[in-house]
file query.pdb (PDB, C-alpha atoms)
ATOM      1  CA  MET G   1     -24.182  -8.933  27.778
ATOM      2  CA  LEU G   2     -20.451  -9.523  28.334
ATOM      3  CA  LYS G   3     -20.453 -12.145  25.587
ATOM      4  CA  ALA G   4     -22.108  -9.625  23.262
ATOM      5  CA  PHE G   5     -19.369  -7.050  23.882
ATOM      6  CA  ILE G   6     -16.637  -9.665  23.456
ATOM      7  CA  LYS G   7     -18.187 -10.579  20.118
ATOM      8  CA  ALA G   8     -18.460  -6.903  19.157
ATOM      9  CA  ALA G   9     -14.770  -6.457  20.047
ATOM     10  CA  ARG G  10     -14.013  -8.827  17.128
ATOM     11  CA  LEU G  11     -10.935 -10.370  18.711
ATOM     12  CA  ARG G  12     -10.152 -12.134  15.427
ATOM     13  CA  THR G  13      -8.953  -8.756  14.098
ATOM     14  CA  LEU G  14      -6.213  -8.511  16.742
ATOM     15  CA  PRO G  15      -3.461 -10.496  14.955
ATOM     16  CA  LEU G  16      -3.452  -7.962  12.119
ATOM     17  CA  SER G  17      -3.329  -4.943  14.425
ATOM     18  CA  LEU G  18      -0.570  -6.507  16.553
ATOM     19  CA  SER G  19       1.611  -7.329  13.533
ATOM     20  CA  GLY G  20       3.262  -3.916  13.391
ATOM     21  CA  ILE G  21       4.085  -3.851  17.117
ATOM     22  CA  ILE G  22       5.558  -7.351  16.948
ATOM     23  CA  LEU G  23       7.684  -6.468  13.932
ATOM     24  CA  GLY G  24       8.909  -3.187  15.425
ATOM     25  CA  SER G  25       9.769  -4.960  18.680
ATOM     26  CA  LEU G  26      11.698  -7.721  16.933
ATOM     27  CA  LEU G  27      13.609  -5.236  14.771
ATOM     28  CA  ALA G  28      14.595  -3.357  17.924
ATOM     29  CA  ALA G  29      15.602  -6.610  19.624
ATOM     30  CA  ALA G  30      17.776  -7.441  16.615
ATOM     31  CA  ILE G  31      20.011  -4.475  17.533
ATOM     32  CA  ASP G  32      19.913  -5.299  21.264
ATOM     33  CA  PHE G  33      17.118  -2.953  22.313
ATOM     34  CA  PHE G  34      14.223  -4.612  24.098
ATOM     35  CA  ASP G  35      12.138  -4.138  27.232
ATOM     36  CA  TRP G  36       9.302  -6.440  28.270
ATOM     37  CA  LYS G  37       7.446  -3.598  30.000
ATOM     38  CA  ILE G  38       7.429  -1.536  26.810
ATOM     39  CA  CYS G  39       6.460  -4.560  24.743
ATOM     40  CA  SER G  40       3.576  -5.546  27.022
ATOM     41  CA  LEU G  41       2.167  -2.031  27.253
ATOM     42  CA  ALA G  42       2.530  -1.444  23.503
ATOM     43  CA  LEU G  43       0.605  -4.650  22.798
ATOM     44  CA  LEU G  44      -2.092  -3.713  25.344
ATOM     45  CA  ALA G  45      -2.424  -0.214  23.888
ATOM     46  CA  THR G  46      -2.750  -1.620  20.380
ATOM     47  CA  ILE G  47      -5.424  -4.071  21.524
ATOM     48  CA  GLY G  48      -7.243  -1.105  23.069
ATOM     49  CA  PHE G  49      -7.043   0.918  19.852
ATOM     50  CA  GLN G  50      -8.319  -2.025  17.802
ATOM     51  CA  VAL G  51     -11.230  -2.833  20.121
ATOM     52  CA  LEU G  52     -12.105   0.867  20.236
ATOM     53  CA  SER G  53     -12.090   0.961  16.441
ATOM     54  CA  ASN G  54     -14.286  -2.142  16.241
ATOM     55  CA  PHE G  55     -16.802  -0.719  18.726
ATOM     56  CA  ALA G  56     -16.838   2.609  16.864
ATOM     57  CA  ASN G  57     -17.279   0.861  13.493
ATOM     58  CA  ASP G  58     -20.149  -1.189  14.880
ATOM     59  CA  TYR G  59     -21.794   1.963  16.212
ATOM     60  CA  GLY G  60     -21.104   4.167  13.175
ATOM     61  CA  ASP G  61     -22.235   1.644  10.572
ATOM     62  CA  GLY G  62     -25.169   0.631  12.771
ATOM     63  CA  VAL G  63     -26.687   4.087  13.248
ATOM     64  CA  LYS G  64     -26.060   5.008   9.596
ATOM     65  CA  GLY G  65     -27.840   1.867   8.379
ATOM     66  CA  THR G  66     -24.762   0.559   6.589
ATOM     67  CA  ASP G  67     -25.064  -2.744   8.455
ATOM     68  CA  ASN G  68     -28.244  -4.133   6.915
ATOM     69  CA  THR G  69     -29.556  -7.280   5.268
ATOM     70  CA  ASP G  70     -27.460  -6.560   2.150
ATOM     71  CA  ARG G  71     -24.228  -6.891   4.090
ATOM     72  CA  ILE G  72     -22.377 -10.152   3.409
ATOM     73  CA  GLY G  73     -20.219 -10.396   6.538
ATOM     74  CA  PRO G  74     -21.260 -11.506  10.018
ATOM     75  CA  LYS G  75     -23.960  -9.487  11.792
ATOM     76  CA  ARG G  76     -22.770  -6.661  14.005
ATOM     77  CA  ALA G  77     -24.012  -5.991  17.554
ATOM     78  CA  LEU G  78     -26.145  -2.924  16.795
ATOM     79  CA  GLN G  79     -27.455  -4.477  13.600
ATOM     80  CA  SER G  80     -28.735  -7.527  15.487
ATOM     81  CA  GLY G  81     -30.090  -5.461  18.402
ATOM     82  CA  ILE G  82     -28.012  -7.299  21.020
ATOM     83  CA  ILE G  83     -26.395  -4.018  22.117
ATOM     84  CA  SER G  84     -28.164  -0.646  22.057
ATOM     85  CA  PRO G  85     -26.525   2.512  20.632
ATOM     86  CA  LYS G  86     -26.406   4.011  24.145
ATOM     87  CA  GLN G  87     -24.623   0.945  25.533
ATOM     88  CA  MET G  88     -22.129   0.936  22.671
ATOM     89  CA  LEU G  89     -21.373   4.639  23.146
ATOM     90  CA  LEU G  90     -20.601   3.962  26.808
ATOM     91  CA  ALA G  91     -18.299   1.077  25.803
ATOM     92  CA  ILE G  92     -16.521   3.386  23.346
ATOM     93  CA  LYS G  93     -15.922   5.995  26.053
ATOM     94  CA  ILE G  94     -14.634   3.446  28.583
ATOM     95  CA  THR G  95     -12.368   1.759  26.017
ATOM     96  CA  GLY G  96     -11.038   5.090  24.752
ATOM     97  CA  PHE G  97     -10.226   6.328  28.268
ATOM     98  CA  SER G  98      -8.611   3.023  29.311
ATOM     99  CA  THR G  99      -6.507   2.923  26.147
ATOM    100  CA  PHE G 100      -5.328   6.493  26.698
ATOM    101  CA  ILE G 101      -4.189   5.640  30.249
ATOM    102  CA  ILE G 102      -2.243   2.622  28.936
ATOM    103  CA  ALA G 103      -0.669   4.763  26.187
ATOM    104  CA  LEU G 104       0.253   7.411  28.769
ATOM    105  CA  LEU G 105       1.967   4.804  30.951
ATOM    106  CA  LEU G 106       3.731   3.360  27.887
ATOM    107  CA  VAL G 107       5.324   6.628  26.791
ATOM    108  CA  TYR G 108       6.264   7.552  30.367
ATOM    109  CA  ILE G 109       8.060   4.229  30.911
ATOM    110  CA  SER G 110       9.754   4.579  27.510
ATOM    111  CA  PHE G 111      10.965   8.173  27.834
ATOM    112  CA  GLY G 112      10.463   9.237  31.465
ATOM    113  CA  LYS G 113      11.139  12.857  32.353
ATOM    114  CA  GLN G 114      14.407  12.924  30.454
ATOM    115  CA  HIS G 115      12.794  13.230  27.016
ATOM    116  CA  ILE G 116       9.717  15.411  27.461
ATOM    117  CA  GLY G 117       9.735  16.239  23.748
ATOM    118  CA  TYR G 118       9.450  12.589  22.725
ATOM    119  CA  LEU G 119       6.815  12.019  25.414
ATOM    120  CA  LEU G 120       4.643  14.869  24.118
ATOM    121  CA  ILE G 121       5.002  13.736  20.494
ATOM    122  CA  PHE G 122       3.895  10.205  21.333
ATOM    123  CA  LEU G 123       1.030  11.467  23.476
ATOM    124  CA  ILE G 124      -0.196  13.482  20.499
ATOM    125  CA  LEU G 125       0.151  10.387  18.303
ATOM    126  CA  GLY G 126      -1.811   8.382  20.876
ATOM    127  CA  ILE G 127      -4.630  10.935  20.911
ATOM    128  CA  ALA G 128      -4.570  10.983  17.101
ATOM    129  CA  SER G 129      -4.873   7.182  17.089
ATOM    130  CA  ILE G 130      -7.923   7.330  19.348
ATOM    131  CA  ILE G 131      -9.556   9.987  17.167
ATOM    132  CA  ALA G 132      -8.750   8.009  14.005
ATOM    133  CA  ALA G 133     -10.228   4.834  15.513
ATOM    134  CA  ILE G 134     -13.468   6.636  16.355
ATOM    135  CA  LYS G 135     -13.839   8.789  13.242
ATOM    136  CA  TYR G 136     -13.510   5.940  10.724
ATOM    137  CA  THR G 137     -17.282   5.444  10.622
ATOM    138  CA  MET G 138     -18.653   7.731  13.367
ATOM    139  CA  GLY G 139     -19.905  11.257  12.746
ATOM    140  CA  ASN G 140     -21.031  13.212   9.694
ATOM    141  CA  LYS G 141     -17.500  13.425   8.309
ATOM    142  CA  ALA G 142     -16.415   9.819   8.875
ATOM    143  CA  TYR G 143     -13.344   9.359   6.680
ATOM    144  CA  GLY G 144     -14.185   5.715   5.986
ATOM    145  CA  TYR G 145     -17.192   6.954   4.014
ATOM    146  CA  SER G 146     -15.057   9.201   1.819
ATOM    147  CA  GLY G 147     -12.418   6.739   0.623
ATOM    148  CA  TYR G 148      -9.669   7.771   3.044
ATOM    149  CA  GLY G 149      -9.711   4.593   5.125
ATOM    150  CA  ASP G 150      -6.836   3.090   3.159
ATOM    151  CA  ILE G 151      -4.536   6.027   3.918
ATOM    152  CA  PHE G 152      -5.256   5.947   7.646
ATOM    153  CA  VAL G 153      -4.817   2.163   7.857
ATOM    154  CA  PHE G 154      -1.478   2.435   6.057
ATOM    155  CA  LEU G 155      -0.224   5.194   8.359
ATOM    156  CA  PHE G 156      -1.441   3.773  11.678
ATOM    157  CA  PHE G 157      -1.125   0.010  11.088
ATOM    158  CA  GLY G 158       2.094   0.376   9.108
ATOM    159  CA  TRP G 159       4.344   3.350   9.695
ATOM    160  CA  LEU G 160       3.200   4.410  13.178
ATOM    161  CA  SER G 161       2.917   0.844  14.479
ATOM    162  CA  VAL G 162       6.297  -0.421  13.263
ATOM    163  CA  VAL G 163       8.423   2.735  13.318
ATOM    164  CA  GLY G 164       6.733   4.032  16.479
ATOM    165  CA  SER G 165       7.273   0.833  18.463
ATOM    166  CA  TYR G 166      10.876   0.610  17.207
ATOM    167  CA  PHE G 167      11.493   4.176  18.434
ATOM    168  CA  LEU G 168       9.972   3.437  21.858
ATOM    169  CA  TYR G 169      12.780   0.933  22.451
ATOM    170  CA  THR G 170      15.700   2.573  20.686
ATOM    171  CA  GLU G 171      14.985   6.321  20.836
ATOM    172  CA  GLN G 172      16.556   6.499  17.405
ATOM    173  CA  LEU G 173      15.252   6.476  13.863
ATOM    174  CA  ASP G 174      16.641   4.283  11.096
ATOM    175  CA  ILE G 175      15.084   5.458   7.836
ATOM    176  CA  THR G 176      15.206   1.934   6.384
ATOM    177  CA  ILE G 177      12.700   0.783   9.041
ATOM    178  CA  PHE G 178      10.079   2.477   6.890
ATOM    179  CA  LEU G 179      10.551  -0.325   4.328
ATOM    180  CA  PRO G 180       9.179  -3.231   6.428
ATOM    181  CA  ALA G 181       6.735  -0.742   7.976
ATOM    182  CA  THR G 182       5.482  -0.099   4.451
ATOM    183  CA  SER G 183       5.107  -3.841   3.912
ATOM    184  CA  ILE G 184       2.922  -4.177   7.019
ATOM    185  CA  GLY G 185       0.968  -1.067   6.058
ATOM    186  CA  LEU G 186       0.267  -2.305   2.521
ATOM    187  CA  LEU G 187      -0.742  -5.781   3.705
ATOM    188  CA  SER G 188      -3.108  -4.168   6.232
ATOM    189  CA  VAL G 189      -4.599  -1.987   3.494
ATOM    190  CA  ALA G 190      -5.036  -5.143   1.406
ATOM    191  CA  VAL G 191      -7.145  -6.652   4.201
ATOM    192  CA  LEU G 192      -9.304  -3.509   4.234
ATOM    193  CA  ASN G 193      -9.509  -3.530   0.443
ATOM    194  CA  LEU G 194     -10.630  -7.166   0.500
ATOM    195  CA  ASN G 195     -13.316  -6.280   3.045
ATOM    196  CA  ASN G 196     -14.451  -3.399   0.841
ATOM    197  CA  MET G 197     -14.534  -5.613  -2.271
ATOM    198  CA  ARG G 198     -16.766  -8.012  -0.391
ATOM    199  CA  ASP G 199     -19.092  -5.182   0.704
ATOM    200  CA  ARG G 200     -18.976  -3.053  -2.461
ATOM    201  CA  GLU G 201     -22.627  -3.396  -3.441
ATOM    202  CA  SER G 202     -24.050  -2.811   0.046
ATOM    203  CA  ASP G 203     -21.637   0.093   0.659
ATOM    204  CA  ALA G 204     -22.613   1.777  -2.607
ATOM    205  CA  LYS G 205     -26.302   1.638  -1.649
ATOM    206  CA  VAL G 206     -25.701   3.623   1.543
ATOM    207  CA  ASN G 207     -23.150   6.056   0.048
ATOM    208  CA  LYS G 208     -20.155   4.566   1.830
ATOM    209  CA  ASN G 209     -17.713   5.645  -0.862
ATOM    210  CA  THR G 210     -14.721   3.418  -0.244
ATOM    211  CA  ILE G 211     -11.964   3.284  -2.849
ATOM    212  CA  VAL G 212     -13.534   0.063  -4.159
ATOM    213  CA  VAL G 213     -16.880   1.808  -4.654
ATOM    214  CA  LYS G 214     -15.108   4.649  -6.442
ATOM    215  CA  ILE G 215     -12.971   2.576  -8.823
ATOM    216  CA  GLY G 216     -15.123  -0.542  -9.265
ATOM    217  CA  ASP G 217     -14.445  -4.281  -9.014
ATOM    218  CA  LYS G 218     -11.985  -4.585 -11.891
ATOM    219  CA  PHE G 219      -9.602  -1.859 -10.770
ATOM    220  CA  ALA G 220     -10.033  -2.848  -7.110
ATOM    221  CA  LYS G 221      -8.496  -6.198  -8.041
ATOM    222  CA  TYR G 222      -5.551  -4.500  -9.774
ATOM    223  CA  TYR G 223      -5.131  -2.279  -6.722
ATOM    224  CA  HIS G 224      -5.102  -5.419  -4.558
ATOM    225  CA  TYR G 225      -2.374  -7.032  -6.664
ATOM    226  CA  TYR G 226      -0.202  -3.924  -6.416
ATOM    227  CA  LEU G 227      -0.584  -3.746  -2.629
ATOM    228  CA  LEU G 228       0.620  -7.330  -2.184
ATOM    229  CA  ILE G 229       3.447  -7.138  -4.722
ATOM    230  CA  VAL G 230       4.859  -3.835  -3.422
ATOM    231  CA  ALA G 231       4.662  -5.217   0.137
ATOM    232  CA  LEU G 232       6.945  -8.043  -0.998
ATOM    233  CA  LEU G 233       9.328  -5.685  -2.803
ATOM    234  CA  THR G 234       9.808  -3.327   0.164
ATOM    235  CA  ALA G 235      10.513  -6.311   2.447
ATOM    236  CA  LEU G 236      13.049  -7.651  -0.040
ATOM    237  CA  LEU G 237      14.721  -4.246  -0.362
ATOM    238  CA  TYR G 238      15.182  -3.920   3.403
ATOM    239  CA  THR G 239      16.602  -7.436   3.587
ATOM    240  CA  MET G 240      19.094  -6.747   0.795
ATOM    241  CA  VAL G 241      20.197  -3.472   2.419
ATOM    242  CA  HIS G 242      20.775  -5.244   5.753
ATOM    243  CA  TYR G 243      21.818  -8.606   4.347
ATOM    244  CA  THR G 244      24.022 -10.821   6.517
ATOM    245  CA  SER G 245      22.543 -14.307   6.094
ATOM    246  CA  PRO G 246      20.137 -16.265   3.832
ATOM    247  CA  LYS G 247      18.054 -16.871   6.973
ATOM    248  CA  GLN G 248      16.771 -13.312   6.625
ATOM    249  CA  PHE G 249      14.651 -14.448   3.692
ATOM    250  CA  ILE G 250      12.603 -16.782   5.885
ATOM    251  CA  PHE G 251       9.731 -14.275   5.643
ATOM    252  CA  LEU G 252       9.150 -15.448   2.063
ATOM    253  CA  LEU G 253       7.313 -18.433   3.551
ATOM    254  CA  ALA G 254       4.518 -16.047   4.554
ATOM    255  CA  PHE G 255       4.089 -14.988   0.940
ATOM    256  CA  ILE G 256       3.185 -18.524  -0.145
ATOM    257  CA  PRO G 257      -0.352 -18.243   1.309
ATOM    258  CA  ILE G 258      -0.451 -14.559   0.318
ATOM    259  CA  PHE G 259       0.086 -15.352  -3.353
ATOM    260  CA  LYS G 260      -2.333 -18.284  -3.164
ATOM    261  CA  HIS G 261      -4.790 -15.711  -1.861
ATOM    262  CA  LEU G 262      -3.942 -13.443  -4.801
ATOM    263  CA  SER G 263      -4.894 -16.257  -7.163
ATOM    264  CA  VAL G 264      -8.250 -16.644  -5.400
ATOM    265  CA  VAL G 265      -8.949 -12.928  -5.794
ATOM    266  CA  TYR G 266      -7.954 -13.053  -9.472
ATOM    267  CA  LYS G 267     -10.431 -15.862 -10.154
ATOM    268  CA  ASN G 268     -13.212 -14.508  -7.931
ATOM    269  CA  LYS G 269     -16.663 -13.883  -9.415
ATOM    270  CA  GLU G 270     -18.872 -13.725  -6.293
ATOM    271  CA  ALA G 271     -18.197 -11.133  -3.574
ATOM    272  CA  LYS G 272     -19.389 -13.448  -0.797
ATOM    273  CA  ASP G 273     -16.597 -15.904  -1.655
ATOM    274  CA  LEU G 274     -14.039 -13.306  -0.562
ATOM    275  CA  ASP G 275     -15.161 -13.452   3.073
ATOM    276  CA  PRO G 276     -12.986 -16.469   4.077
ATOM    277  CA  GLU G 277      -9.968 -14.764   2.500
ATOM    278  CA  LEU G 278     -10.027 -11.986   5.099
ATOM    279  CA  LYS G 279      -8.872 -14.308   7.869
ATOM    280  CA  LYS G 280      -6.254 -15.930   5.635
ATOM    281  CA  LEU G 281      -4.685 -12.631   4.600
ATOM    282  CA  ALA G 282      -4.747 -11.208   8.144
ATOM    283  CA  LEU G 283      -3.049 -14.298   9.579
ATOM    284  CA  SER G 284      -0.526 -14.307   6.722
ATOM    285  CA  THR G 285       0.360 -10.709   7.621
ATOM    286  CA  PHE G 286       0.822 -11.756  11.242
ATOM    287  CA  LEU G 287       3.047 -14.633  10.105
ATOM    288  CA  PHE G 288       5.058 -12.270   7.909
ATOM    289  CA  ALA G 289       5.699  -9.933  10.861
ATOM    290  CA  ILE G 290       6.961 -12.791  13.037
ATOM    291  CA  LEU G 291       9.111 -14.412  10.358
ATOM    292  CA  PHE G 292      10.591 -11.125   9.155
ATOM    293  CA  GLY G 293      11.542 -10.173  12.711
ATOM    294  CA  ILE G 294      12.966 -13.602  13.483
ATOM    295  CA  GLY G 295      14.981 -13.456  10.257
ATOM    296  CA  GLN G 296      16.710 -10.327  11.529
ATOM    297  CA  LEU G 297      17.405 -11.939  14.920
ATOM    298  CA  LEU G 298      18.958 -15.157  13.584
TER     299      LEU G 298
END
call {"tool": "encode", "arguments": {"input": "query.pdb", "output": "structure tokens"}}
result
Amino acid sequence: MLKAFIKAARLRTLPLSLSGIILGSLLAAAIDFFDWKICSLALLATIGFQVLSNFANDYGDGVKGTDNTDRIGPKRALQSGIISPKQMLLAIKITGFSTFIIALLLVYISFGKQHIGYLLIFLILGIASIIAAIKYTMGNKAYGYSGYGDIFVFLFFGWLSVVGSYFLYTEQLDITIFLPATSIGLLSVAVLNLNNMRDRESDAKVNKNTIVVKIGDKFAKYYHYYLLIVALLTALLYTMVHYTSPKQFIFLLAFIPIFKHLSVVYKNKEAKDLDPELKKLALSTFLFAILFGIGQLL
């Protein structure tokens, strides 16, 4: 049973979710703000949010019948019958509670009693993150079924992850941090968009109205191109604003596989052939976060 839950946790999705925390931490370190306790707890909290989201997605899509024989990706836990809905609900509750405790400890260590206002704001953001993770596919008004998944992924994986983690260290807000945060957000949305392009036909059959279902294959590809190109432009703009050395452009190495991926999407005819691209784009985003942060440290 433990192996089944580990599989349902979909640990391969973690590099993408951790990208924003890593980038925010490195950007803070670049201006001499860093704390291993904050970093460790932020990473643990993010892992908790991602696993919670994966459990909730498995449950939500499973009970709604979205995960069926038409689905191209790997079989989910509820779909295969390895884990029952009751067992998954219990796992969701335990993961949600554990993640909240970690988030509570994180904000307390970051702000203590001296900044109650900041502490309360981040607690609210933590609760919002838990609700967002659960409500993506669970419930009658799951936002993932109405085409709003892209917005939430952008906000939570991009802006909140990067800017939020940066603020935990520095207790200050640099408006230009929103530029690389936008890059991470757009690349994360591109991963979701790729997933939705792969699943368009099966999603349409069960009324999961993702943006791809709403706009169709052709425009979903255009949308994908724009996400990747704007992600590059916002990263370049931040680097030019804070330019001190050519080493800051080291992140461009991560866009080599990203633009190779773009070519694959451009030429794609069969949705199932997009499945291997999910891992490539997620890992490229992770690489971008590391290289961009290192470029600011050098």
call {"tool": "atom_distance", "arguments": {"input": "query.pdb", "atom1": "CA of Asn196 (chain G)", "atom2": "CA of Thr210 (chain G)"}}
result
6.9 Å
call {"tool": "closest_residue", "arguments": {"input": "query.pdb", "among": "G:Ile130, G:Ala42, G:Gln114, G:Ala181", "to": "Val163 (chain G)", "atoms": "all atoms listed in the file"}}
result
G:Ala181
call {"tool": "residues_near_point", "arguments": {"input": "query.pdb", "point": "(-23.0, 6.3, 24.0)", "cutoff": "12 Å", "atoms": "only C-alpha atoms", "output": "PDB file with C-alpha atoms, in the coordinates of the input"}}
result
ATOM      1  CA  PHE G  55     -16.802  -0.719  18.726  1.00  0.00           C
ATOM      2  CA  ALA G  56     -16.838   2.609  16.864  1.00  0.00           C
ATOM      3  CA  TYR G  59     -21.794   1.963  16.212  1.00  0.00           C
ATOM      4  CA  GLY G  60     -21.104   4.167  13.175  1.00  0.00           C
ATOM      5  CA  VAL G  63     -26.687   4.087  13.248  1.00  0.00           C
ATOM      6  CA  ILE G  83     -26.395  -4.018  22.117  1.00  0.00           C
ATOM      7  CA  SER G  84     -28.164  -0.646  22.057  1.00  0.00           C
ATOM      8  CA  PRO G  85     -26.525   2.512  20.632  1.00  0.00           C
ATOM      9  CA  LYS G  86     -26.406   4.011  24.145  1.00  0.00           C
ATOM     10  CA  GLN G  87     -24.623   0.945  25.533  1.00  0.00           C
ATOM     11  CA  MET G  88     -22.129   0.936  22.671  1.00  0.00           C
ATOM     12  CA  LEU G  89     -21.373   4.639  23.146  1.00  0.00           C
ATOM     13  CA  LEU G  90     -20.601   3.962  26.808  1.00  0.00           C
ATOM     14  CA  ALA G  91     -18.299   1.077  25.803  1.00  0.00           C
ATOM     15  CA  ILE G  92     -16.521   3.386  23.346  1.00  0.00           C
ATOM     16  CA  LYS G  93     -15.922   5.995  26.053  1.00  0.00           C
ATOM     17  CA  ILE G  94     -14.634   3.446  28.583  1.00  0.00           C
ATOM     18  CA  THR G  95     -12.368   1.759  26.017  1.00  0.00           C
ATOM     19  CA  MET G 138     -18.653   7.731  13.367  1.00  0.00           C
TER      20      MET G 138
END
call {"tool": "residues_around", "arguments": {"input": "query.pdb", "residues": "region 16-18 of chain G", "least_positions_apart": "4", "cutoff": "10 Å", "atoms": "all atoms listed in the file", "output": "number ranges by chain"}}
result
G: 12, 22-23, 42-47, 49-51, 153, 156-158, 161-162, 184, 187-188, 191, 279, 281-287, 289
call {"tool": "closest_residue", "arguments": {"input": "query.pdb", "among": "G:Val212, G:Leu52, G:Ile250, G:Val264", "to": "Gly147 (chain G)", "atoms": "only C-alpha atoms"}}
result
G:Val212
call {"tool": "closest_residue", "arguments": {"input": "query.pdb", "among": "G:Lys221, G:Gln248, G:Lys205, G:Leu194", "to": "Pro276 (chain G)", "atoms": "all atoms listed in the file"}}
result
G:Leu194
call {"tool": "resolve_selection", "arguments": {"input": "query.pdb", "expression": "the PyMOL selection byres ((chain G and resi 5) around 9)", "output": "compact mmCIF listing (two decimals) with C-alpha atoms, in the coordinates of the input"}}
result
# COMPACT_ATOMS: atom_id res chain seq x y z
CA MET G 1 -24.18 -8.93 27.78
CA LEU G 2 -20.45 -9.52 28.33
CA LYS G 3 -20.45 -12.14 25.59
CA ALA G 4 -22.11 -9.62 23.26
CA ILE G 6 -16.64 -9.66 23.46
CA LYS G 7 -18.19 -10.58 20.12
CA ALA G 8 -18.46 -6.90 19.16
CA ALA G 9 -14.77 -6.46 20.05
CA ARG G 10 -14.01 -8.83 17.13
CA PHE G 55 -16.80 -0.72 18.73
CA ALA G 77 -24.01 -5.99 17.55
CA ILE G 83 -26.40 -4.02 22.12
CA MET G 88 -22.13 0.94 22.67
CA ALA G 91 -18.30 1.08 25.80
call {"tool": "atom_distance", "arguments": {"input": "query.pdb", "atom1": "CA of Leu192 (chain G)", "atom2": "CA of Leu228 (chain G)"}}
result
12.4 Å
call {"tool": "residues_near_point", "arguments": {"input": "query.pdb", "point": "(17.2, 5.3, 21.2)", "cutoff": "10 Å", "atoms": "only C-alpha atoms", "output": "list in words"}}
result
Ala28, Phe33, Ser110, Phe111, Tyr166, Phe167, Leu168, Tyr169, Thr170, Glu171, Gln172 and Leu173 of chain G
call {"tool": "closest_residue", "arguments": {"input": "query.pdb", "among": "G:Ser98, G:Ala132, G:Gly164, G:Asp61", "to": "Asn207 (chain G)", "atoms": "only C-alpha atoms"}}
result
G:Asp61
call {"tool": "residues_around", "arguments": {"input": "query.pdb", "residues": "Lys280 (chain G)", "least_positions_apart": "5", "cutoff": "9 Å", "atoms": "all atoms listed in the file", "output": "number ranges by chain"}}
result
G: 257-258, 261, 285
call {"tool": "closest_residue", "arguments": {"input": "query.pdb", "among": "G:Leu253, G:Leu233, G:Thr244, G:Ser146", "to": "Val213 (chain G)", "atoms": "all atoms listed in the file"}}
result
G:Ser146
call {"tool": "resolve_selection", "arguments": {"input": "query.pdb", "expression": "the PyMOL selection byres ((chain G and resi 247) around 10)", "output": "number ranges by chain"}}
result
G: 243-246, 248-251, 291-292, 294-298
call {"tool": "write_last_selection", "arguments": {"input": "query.pdb", "atoms": "C-alpha atoms", "output": "PDB file, keeping the file's coordinate frame"}}
result
ATOM      1  CA  TYR G 243      21.818  -8.606   4.347  1.00  0.00           C
ATOM      2  CA  THR G 244      24.022 -10.821   6.517  1.00  0.00           C
ATOM      3  CA  SER G 245      22.543 -14.307   6.094  1.00  0.00           C
ATOM      4  CA  PRO G 246      20.137 -16.265   3.832  1.00  0.00           C
ATOM      5  CA  GLN G 248      16.771 -13.312   6.625  1.00  0.00           C
ATOM      6  CA  PHE G 249      14.651 -14.448   3.692  1.00  0.00           C
ATOM      7  CA  ILE G 250      12.603 -16.782   5.885  1.00  0.00           C
ATOM      8  CA  PHE G 251       9.731 -14.275   5.643  1.00  0.00           C
ATOM      9  CA  LEU G 291       9.111 -14.412  10.358  1.00  0.00           C
ATOM     10  CA  PHE G 292      10.591 -11.125   9.155  1.00  0.00           C
ATOM     11  CA  ILE G 294      12.966 -13.602  13.483  1.00  0.00           C
ATOM     12  CA  GLY G 295      14.981 -13.456  10.257  1.00  0.00           C
ATOM     13  CA  GLN G 296      16.710 -10.327  11.529  1.00  0.00           C
ATOM     14  CA  LEU G 297      17.405 -11.939  14.920  1.00  0.00           C
ATOM     15  CA  LEU G 298      18.958 -15.157  13.584  1.00  0.00           C
TER      16      LEU G 298
END
call {"tool": "closest_residue", "arguments": {"input": "query.pdb", "among": "G:Phe122, G:Leu236, G:Tyr145, G:Thr137", "to": "Ala204 (chain G)", "atoms": "all atoms listed in the file"}}
result
G:Tyr145
call {"tool": "atom_distance", "arguments": {"input": "query.pdb", "atom1": "CA of Ser165 (chain G)", "atom2": "CA of Tyr225 (chain G)"}}
result
28.0 Å
call {"tool": "residues_around", "arguments": {"input": "query.pdb", "residues": "Tyr143 (chain G)", "least_positions_apart": "5", "cutoff": "12 Å", "atoms": "all atoms listed in the file", "output": "PDB file with C-alpha atoms, in the coordinates of the input"}}
result
ATOM      1  CA  ASN G  57     -17.279   0.861  13.493  1.00  0.00           C
ATOM      2  CA  GLY G  60     -21.104   4.167  13.175  1.00  0.00           C
ATOM      3  CA  ILE G 131      -9.556   9.987  17.167  1.00  0.00           C
ATOM      4  CA  ALA G 132      -8.750   8.009  14.005  1.00  0.00           C
ATOM      5  CA  ALA G 133     -10.228   4.834  15.513  1.00  0.00           C
ATOM      6  CA  ILE G 134     -13.468   6.636  16.355  1.00  0.00           C
ATOM      7  CA  LYS G 135     -13.839   8.789  13.242  1.00  0.00           C
ATOM      8  CA  TYR G 136     -13.510   5.940  10.724  1.00  0.00           C
ATOM      9  CA  THR G 137     -17.282   5.444  10.622  1.00  0.00           C
ATOM     10  CA  MET G 138     -18.653   7.731  13.367  1.00  0.00           C
ATOM     11  CA  TYR G 148      -9.669   7.771   3.044  1.00  0.00           C
ATOM     12  CA  GLY G 149      -9.711   4.593   5.125  1.00  0.00           C
ATOM     13  CA  ASP G 150      -6.836   3.090   3.159  1.00  0.00           C
ATOM     14  CA  ILE G 151      -4.536   6.027   3.918  1.00  0.00           C
ATOM     15  CA  PHE G 152      -5.256   5.947   7.646  1.00  0.00           C
ATOM     16  CA  VAL G 153      -4.817   2.163   7.857  1.00  0.00           C
ATOM     17  CA  LYS G 208     -20.155   4.566   1.830  1.00  0.00           C
ATOM     18  CA  ASN G 209     -17.713   5.645  -0.862  1.00  0.00           C
ATOM     19  CA  THR G 210     -14.721   3.418  -0.244  1.00  0.00           C
ATOM     20  CA  ILE G 211     -11.964   3.284  -2.849  1.00  0.00           C
TER      21      ILE G 211
END
call {"tool": "residues_around", "arguments": {"input": "query.pdb", "residues": "Asp273 (chain G)", "least_positions_apart": "3", "cutoff": "10 Å", "atoms": "all atoms listed in the file", "output": "ChimeraX atom specification"}}
result
/G:72,198,264-265,268-270,276-277
